[in-house]
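First up is the structure itself, then whatever we jot down about it.
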Amino acid sequence: MTTTDTRTAYLLAAEQAVDLLEAVEVARCWQKESVLPGMSVGGLAGHLARSVLQVEWFLDGEVTGAEPVTPAHYYARLTGTTAPGSALNVGVRARSEETAAAGPEAVADEARAAWQRLSARLTGEPADRRVAVLHRPGEEMLLDGYLRTRCVELAVHLEDLALSVGVGVPAPGAALAVAIDVLVAAARERHGDQAVLHALTRRERDVEGALRVL
């Protein structure tokens, strides 16, 4: 996938997310529980919005030349993804609720403005552009690698939020394809190719649930 393909896929998915954040159904259900246990619709909306907002934040962060983390490793190293009380998930919920505290209109407006700026800005960033992963001090990723992880987040949480408020908003096909590529690569890194092959072809031998990454 080329730089242009990655950025196009990301921007299409981000636009879809912004459109959903602006939906009246989201504002109406803001305080209700989402399809994700322990997370409100507002919190989930805040989490979705952050996949637009954080790209700007990371672009503006200071980079030092550290070896860039790959999209696959970004996910393969995660622990506690399925445990609601894990440090990972507690942190995600806290950051998401912090963003959501501004309210549905402000969150949607901020995400829309960020998407508009990124639509112009990303076209001018070079292929070797790095970004700082601000929640992991000292860590960096190539911009396009980070955008691939945002395609994962947007593809997954677009569906979560849409289901939470009773609307049908599938992620764009290009973003889904990126998300699948990244997550399969993460599964291969975490479990090895034999385990992933079992998960794809011999489910009775898939003792590790090797395709489950998040």
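Convention: chains lettered A, B, ... in structure tokens order; per-chain residue numbering from 1; ligands numbered from 1 as shown.
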
Report task. Give me every strand (DSSP E or B) residue in chain A, going by DSSP on the backbone, as a VMD selection string. Result -> chain A and resid 33 40 130 to 132 140 to 142

Print the selection's residues with N, CA and C atoms to a file, as a compact mmCIF listing (two decimals), in the first residue's frame.
# COMPACT_ATOMS: atom_id res chain seq x y z
N GLU A 33 -25.18 3.58 28.34
CA GLU A 33 -24.08 2.63 28.19
C GLU A 33 -23.97 2.20 26.73
N SER A 40 -19.59 4.52 28.43
CA SER A 40 -20.78 5.21 27.96
C SER A 40 -20.68 5.48 26.47
N ARG A 130 8.05 11.17 10.68
CA ARG A 130 7.84 10.46 11.92
C ARG A 130 6.94 11.26 12.84
N VAL A 131 6.28 10.56 13.75
CA VAL A 131 5.46 11.24 14.75
C VAL A 131 5.83 10.69 16.13
N ALA A 132 5.63 11.53 17.15
CA ALA A 132 5.87 11.12 18.52
C ALA A 132 4.63 10.45 19.08
N GLU A 140 8.40 6.53 18.85
CA GLU A 140 8.02 7.16 17.59
C GLU A 140 7.49 6.12 16.61
N MET A 141 6.74 6.60 15.64
CA MET A 141 6.28 5.77 14.53
C MET A 141 6.41 6.58 13.25
N LEU A 142 6.53 5.90 12.14
CA LEU A 142 6.36 6.58 10.86
C LEU A 142 4.91 7.05 10.77

Nearby residues (only C-alpha atoms) at most 9 Å from region 153-169 of chain A, same-chain spacing under 6 positions excluded, as an mmCIF file with C-alpha atoms, in the first residue's frame:
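Writing done, so here's result30.cif:
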data_model
loop_
_atom_site.group_PDB
_atom_site.id
_atom_site.type_symbol
_atom_site.label_atom_id
_atom_site.label_comp_id
_atom_site.auth_asym_id
_atom_site.auth_seq_id
_atom_site.Cartn_x
_atom_site.Cartn_y
_atom_site.Cartn_z
ATOM 1 C CA TYR A 10 -7.425 7.029 6.857
ATOM 2 C CA ALA A 13 -12.578 6.553 7.673
ATOM 3 C CA ALA A 14 -11.976 9.695 9.724
ATOM 4 C CA GLN A 16 -17.069 8.693 8.350
ATOM 5 C CA ALA A 17 -16.295 8.918 12.060
ATOM 6 C CA LEU A 20 -21.275 9.681 12.936
ATOM 7 C CA LEU A 21 -20.160 11.900 15.812
ATOM 8 C CA GLU A 25 -28.590 9.667 17.761
ATOM 9 C CA VAL A 26 -25.140 9.972 19.340
ATOM 10 C CA ARG A 28 -29.341 11.638 22.346
ATOM 11 C CA CYS A 29 -27.649 8.534 23.786
ATOM 12 C CA LYS A 32 -26.265 5.725 28.068
ATOM 13 C CA GLU A 33 -24.082 2.632 28.185
ATOM 14 C CA SER A 34 -22.504 1.638 24.904
ATOM 15 C CA VAL A 35 -22.066 -1.884 23.566
ATOM 16 C CA LEU A 36 -18.680 -1.898 25.315
ATOM 17 C CA VAL A 41 -21.790 6.241 24.464
ATOM 18 C CA LEU A 44 -16.954 5.680 23.144
ATOM 19 C CA ALA A 45 -17.558 8.765 20.993
ATOM 20 C CA HIS A 47 -12.457 7.445 21.987
ATOM 21 C CA LEU A 48 -13.484 7.470 18.330
ATOM 22 C CA ALA A 49 -12.826 11.196 18.082
ATOM 23 C CA SER A 51 -8.352 8.755 16.351
ATOM 24 C CA VAL A 52 -8.760 12.041 14.501
ATOM 25 C CA ALA A 175 -9.882 1.192 6.035
ATOM 26 C CA LEU A 176 -11.223 -2.291 6.757
ATOM 27 C CA ALA A 179 -7.185 -2.875 9.678
#

Report task. May I have the residues within 12 Å of Ala174 (chain A) as a list in words, using only C-alpha atoms and disregarding those fewer than 5 positions away in the same chain? Result -> Met1, Thr4, Asp5, Thr6, Arg7, Thr8, Ala9, Tyr10, Leu11, Leu12, Ala13, Ala14, Arg148, Cys151, Val152, Leu154, Ala155, Ala179, Ile180 and Asp181 of chain A

Atoms kept (N, CA, C and O atoms) for selection, written as a compact mmCIF listing (two decimals), in the first residue's frame:
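Output below, filename part06.txt:
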# COMPACT_ATOMS: atom_id res chain seq x y z
N MET A 1 0.85 -1.19 0.00
CA MET A 1 0.00 0.00 0.00
C MET A 1 0.88 1.24 0.00
O MET A 1 1.81 1.35 0.79
N THR A 4 0.00 7.37 -0.45
CA THR A 4 -1.27 7.97 -0.84
C THR A 4 -2.45 7.08 -0.47
O THR A 4 -3.47 7.56 0.03
N ASP A 5 -2.32 5.77 -0.71
CA ASP A 5 -3.40 4.83 -0.38
C ASP A 5 -3.69 4.85 1.12
O ASP A 5 -4.85 4.86 1.54
N THR A 6 -2.64 4.83 1.93
CA THR A 6 -2.83 4.82 3.38
C THR A 6 -3.52 6.08 3.86
O THR A 6 -4.47 6.02 4.66
N ARG A 7 -3.07 7.21 3.38
CA ARG A 7 -3.63 8.48 3.84
C ARG A 7 -5.06 8.66 3.35
O ARG A 7 -5.91 9.19 4.07
N THR A 8 -5.33 8.18 2.14
CA THR A 8 -6.70 8.24 1.63
C THR A 8 -7.63 7.37 2.46
O THR A 8 -8.74 7.78 2.82
N ALA A 9 -7.19 6.15 2.76
CA ALA A 9 -8.01 5.24 3.57
C ALA A 9 -8.27 5.84 4.94
O ALA A 9 -9.41 5.79 5.44
N TYR A 10 -7.25 6.41 5.54
CA TYR A 10 -7.43 7.03 6.86
C TYR A 10 -8.41 8.20 6.80
O TYR A 10 -9.33 8.28 7.63
N LEU A 11 -8.23 9.09 5.85
CA LEU A 11 -9.10 10.27 5.78
C LEU A 11 -10.55 9.91 5.48
O LEU A 11 -11.47 10.54 6.01
N LEU A 12 -10.78 8.89 4.67
CA LEU A 12 -12.15 8.44 4.41
C LEU A 12 -12.79 7.91 5.68
O LEU A 12 -13.95 8.21 5.98
N ALA A 13 -12.04 7.10 6.43
CA ALA A 13 -12.58 6.55 7.67
C ALA A 13 -12.78 7.65 8.72
O ALA A 13 -13.77 7.64 9.46
N ALA A 14 -11.85 8.59 8.78
CA ALA A 14 -11.98 9.70 9.72
C ALA A 14 -13.20 10.55 9.39
O ALA A 14 -13.92 11.00 10.29
N ARG A 148 -2.05 3.77 9.88
CA ARG A 148 -2.58 2.41 9.74
C ARG A 148 -3.18 1.93 11.05
O ARG A 148 -4.22 1.26 11.06
N CYS A 151 -6.53 3.46 11.33
CA CYS A 151 -7.54 2.76 10.51
C CYS A 151 -8.12 1.59 11.30
O CYS A 151 -9.32 1.31 11.21
N VAL A 152 -7.27 0.91 12.07
CA VAL A 152 -7.78 -0.17 12.94
C VAL A 152 -8.79 0.39 13.92
O VAL A 152 -9.92 -0.11 14.05
N LEU A 154 -10.49 3.19 13.94
CA LEU A 154 -11.69 3.74 13.30
C LEU A 154 -12.61 2.62 12.80
O LEU A 154 -13.82 2.68 12.98
N ALA A 155 -12.04 1.60 12.19
CA ALA A 155 -12.85 0.50 11.68
C ALA A 155 -13.58 -0.21 12.81
O ALA A 155 -14.78 -0.52 12.71
N ALA A 179 -7.03 -2.36 8.32
CA ALA A 179 -7.19 -2.88 9.68
C ALA A 179 -6.91 -4.38 9.73
O ALA A 179 -6.21 -4.86 10.63
N ILE A 180 -7.44 -5.11 8.78
CA ILE A 180 -7.22 -6.56 8.75
C ILE A 180 -5.75 -6.88 8.54
O ILE A 180 -5.18 -7.76 9.21
N ASP A 181 -5.10 -6.18 7.62
CA ASP A 181 -3.67 -6.41 7.38
C ASP A 181 -2.86 -6.19 8.66
O ASP A 181 -1.99 -7.00 9.00

Report summary line: From the list A:Glu98, A:Glu110, A:Asp128, A:Asp60, the nearest residue to Gly42 (chain A) using only C-alpha atoms is A:Glu98

Identify, on the basis of only C-alpha atoms, every residue whose closest approach to Ala66 (chain A) does not exceed 8 Å; exclude the query and any residue fewer than 3 positions from it along the same chain; express the result as a tab-separated table (two decimals) with N, CA, C and O atoms, in the first residue's frame.
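And here is the file that came out, out.tsv:
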chain	number	residue	atom	x	y	z
A	63	VAL	N	10.06	14.83	17.87
A	63	VAL	CA	10.68	13.54	17.56
A	63	VAL	C	12.19	13.66	17.73
A	63	VAL	O	12.78	14.71	17.53
A	138	GLY	N	9.15	9.08	24.33
A	138	GLY	CA	10.35	8.59	23.68
A	138	GLY	C	10.10	7.65	22.52
A	138	GLY	O	11.03	7.30	21.79
A	139	GLU	N	8.85	7.26	22.32
A	139	GLU	CA	8.52	6.32	21.25
A	139	GLU	C	8.05	7.08	20.01
A	139	GLU	O	7.38	8.10	20.10
A	140	GLU	N	8.40	6.53	18.85
A	140	GLU	CA	8.02	7.16	17.59
A	140	GLU	C	7.49	6.12	16.61
A	140	GLU	O	7.76	4.92	16.75

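Taking CA of Glu97 (chain A) as the reference point, CA of Met39 (chain A) is found at 8.5 Å.
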
Query raised in the report: Looking only at the backbone, which of the residues in region 133-202 of chain A does DSSP tag as alpha helix (DSSP H), as a PyMOL selection string?
Result: chain A and resi 143-165+173-191+193-201

Report task. Just the residues within 9 Å of region 74-79 of chain A, please, counting only C-alpha atoms, with nothing from its chain fewer than 5 positions along; format it as number ranges by chain. Result -> A: 69, 86-88, 146, 149, 182-183, 185-191, 213-214

Next, dump the selected residues to file, keeping only C-alpha atoms, as a PDB file, in the first residue's frame.
ATOM      1  CA  VAL A  69       7.624   1.074  16.102  1.00  0.00           C
ATOM      2  CA  SER A  86      -6.709  -3.931  33.076  1.00  0.00           C
ATOM      3  CA  ALA A  87      -4.425  -0.904  33.250  1.00  0.00           C
ATOM      4  CA  LEU A  88      -4.708  -0.618  29.475  1.00  0.00           C
ATOM      5  CA  TYR A 146       0.527   5.403  12.795  1.00  0.00           C
ATOM      6  CA  THR A 149      -3.181   1.910  13.458  1.00  0.00           C
ATOM      7  CA  VAL A 182      -2.372  -4.764  10.561  1.00  0.00           C
ATOM      8  CA  LEU A 183      -4.192  -7.079  12.952  1.00  0.00           C
ATOM      9  CA  ALA A 185       0.432  -9.042  11.158  1.00  0.00           C
ATOM     10  CA  ALA A 186       0.101  -8.394  14.895  1.00  0.00           C
ATOM     11  CA  ALA A 187      -1.324 -11.880  15.422  1.00  0.00           C
ATOM     12  CA  ARG A 188       1.601 -13.399  13.523  1.00  0.00           C
ATOM     13  CA  GLU A 189       4.091 -11.464  15.655  1.00  0.00           C
ATOM     14  CA  ARG A 190       2.357 -12.388  18.902  1.00  0.00           C
ATOM     15  CA  HIS A 191       1.554 -16.060  18.255  1.00  0.00           C
ATOM     16  CA  VAL A 213      -5.563  -9.290  18.988  1.00  0.00           C
ATOM     17  CA  LEU A 214      -7.820  -6.725  20.689  1.00  0.00           C
TER      18      LEU A 214
END

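Distance check against Asp109 (chain A) using only C-alpha atoms: of A:Ala23, A:Val18, A:Leu211, A:Ala199, the minimum falls on A:Val18.
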
Query raised in the report: With distances taken over only C-alpha atoms, which of A:Gly209, A:Pro137, A:Pro172, A:Gly145 is nearest to Gly61 (chain A)?
Result: A:Pro137

Long-range neighbours of region 55-58 of chain A as a tab-separated table (two decimals) with C-alpha atoms, in the first residue's frame, 9 Å cut-off, only C-alpha atoms, 6 positions minimum in chain:
chain	number	residue	atom	x	y	z
A	114	ALA	CA	-9.18	18.46	12.93
A	117	ARG	CA	-6.96	20.47	8.72
A	118	LEU	CA	-5.54	16.97	8.29
A	131	VAL	CA	5.46	11.24	14.75
A	132	ALA	CA	5.87	11.12	18.52
A	133	VAL	CA	3.68	8.59	20.34
A	134	LEU	CA	2.84	10.99	23.14
A	143	LEU	CA	3.34	8.75	10.12
A	146	TYR	CA	0.53	5.40	12.80
A	147	LEU	CA	-2.27	6.15	10.33
A	150	ARG	CA	-5.81	4.65	13.33

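The coordinates place CA of Ala27 (chain A) at 19.6 Å from CA of Trp115 (chain A).
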
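Residue nearest Pro104 (chain A), chosen from A:Pro37, A:Trp30, A:Thr81, A:Thr123 and counting only C-alpha atoms: A:Trp30.
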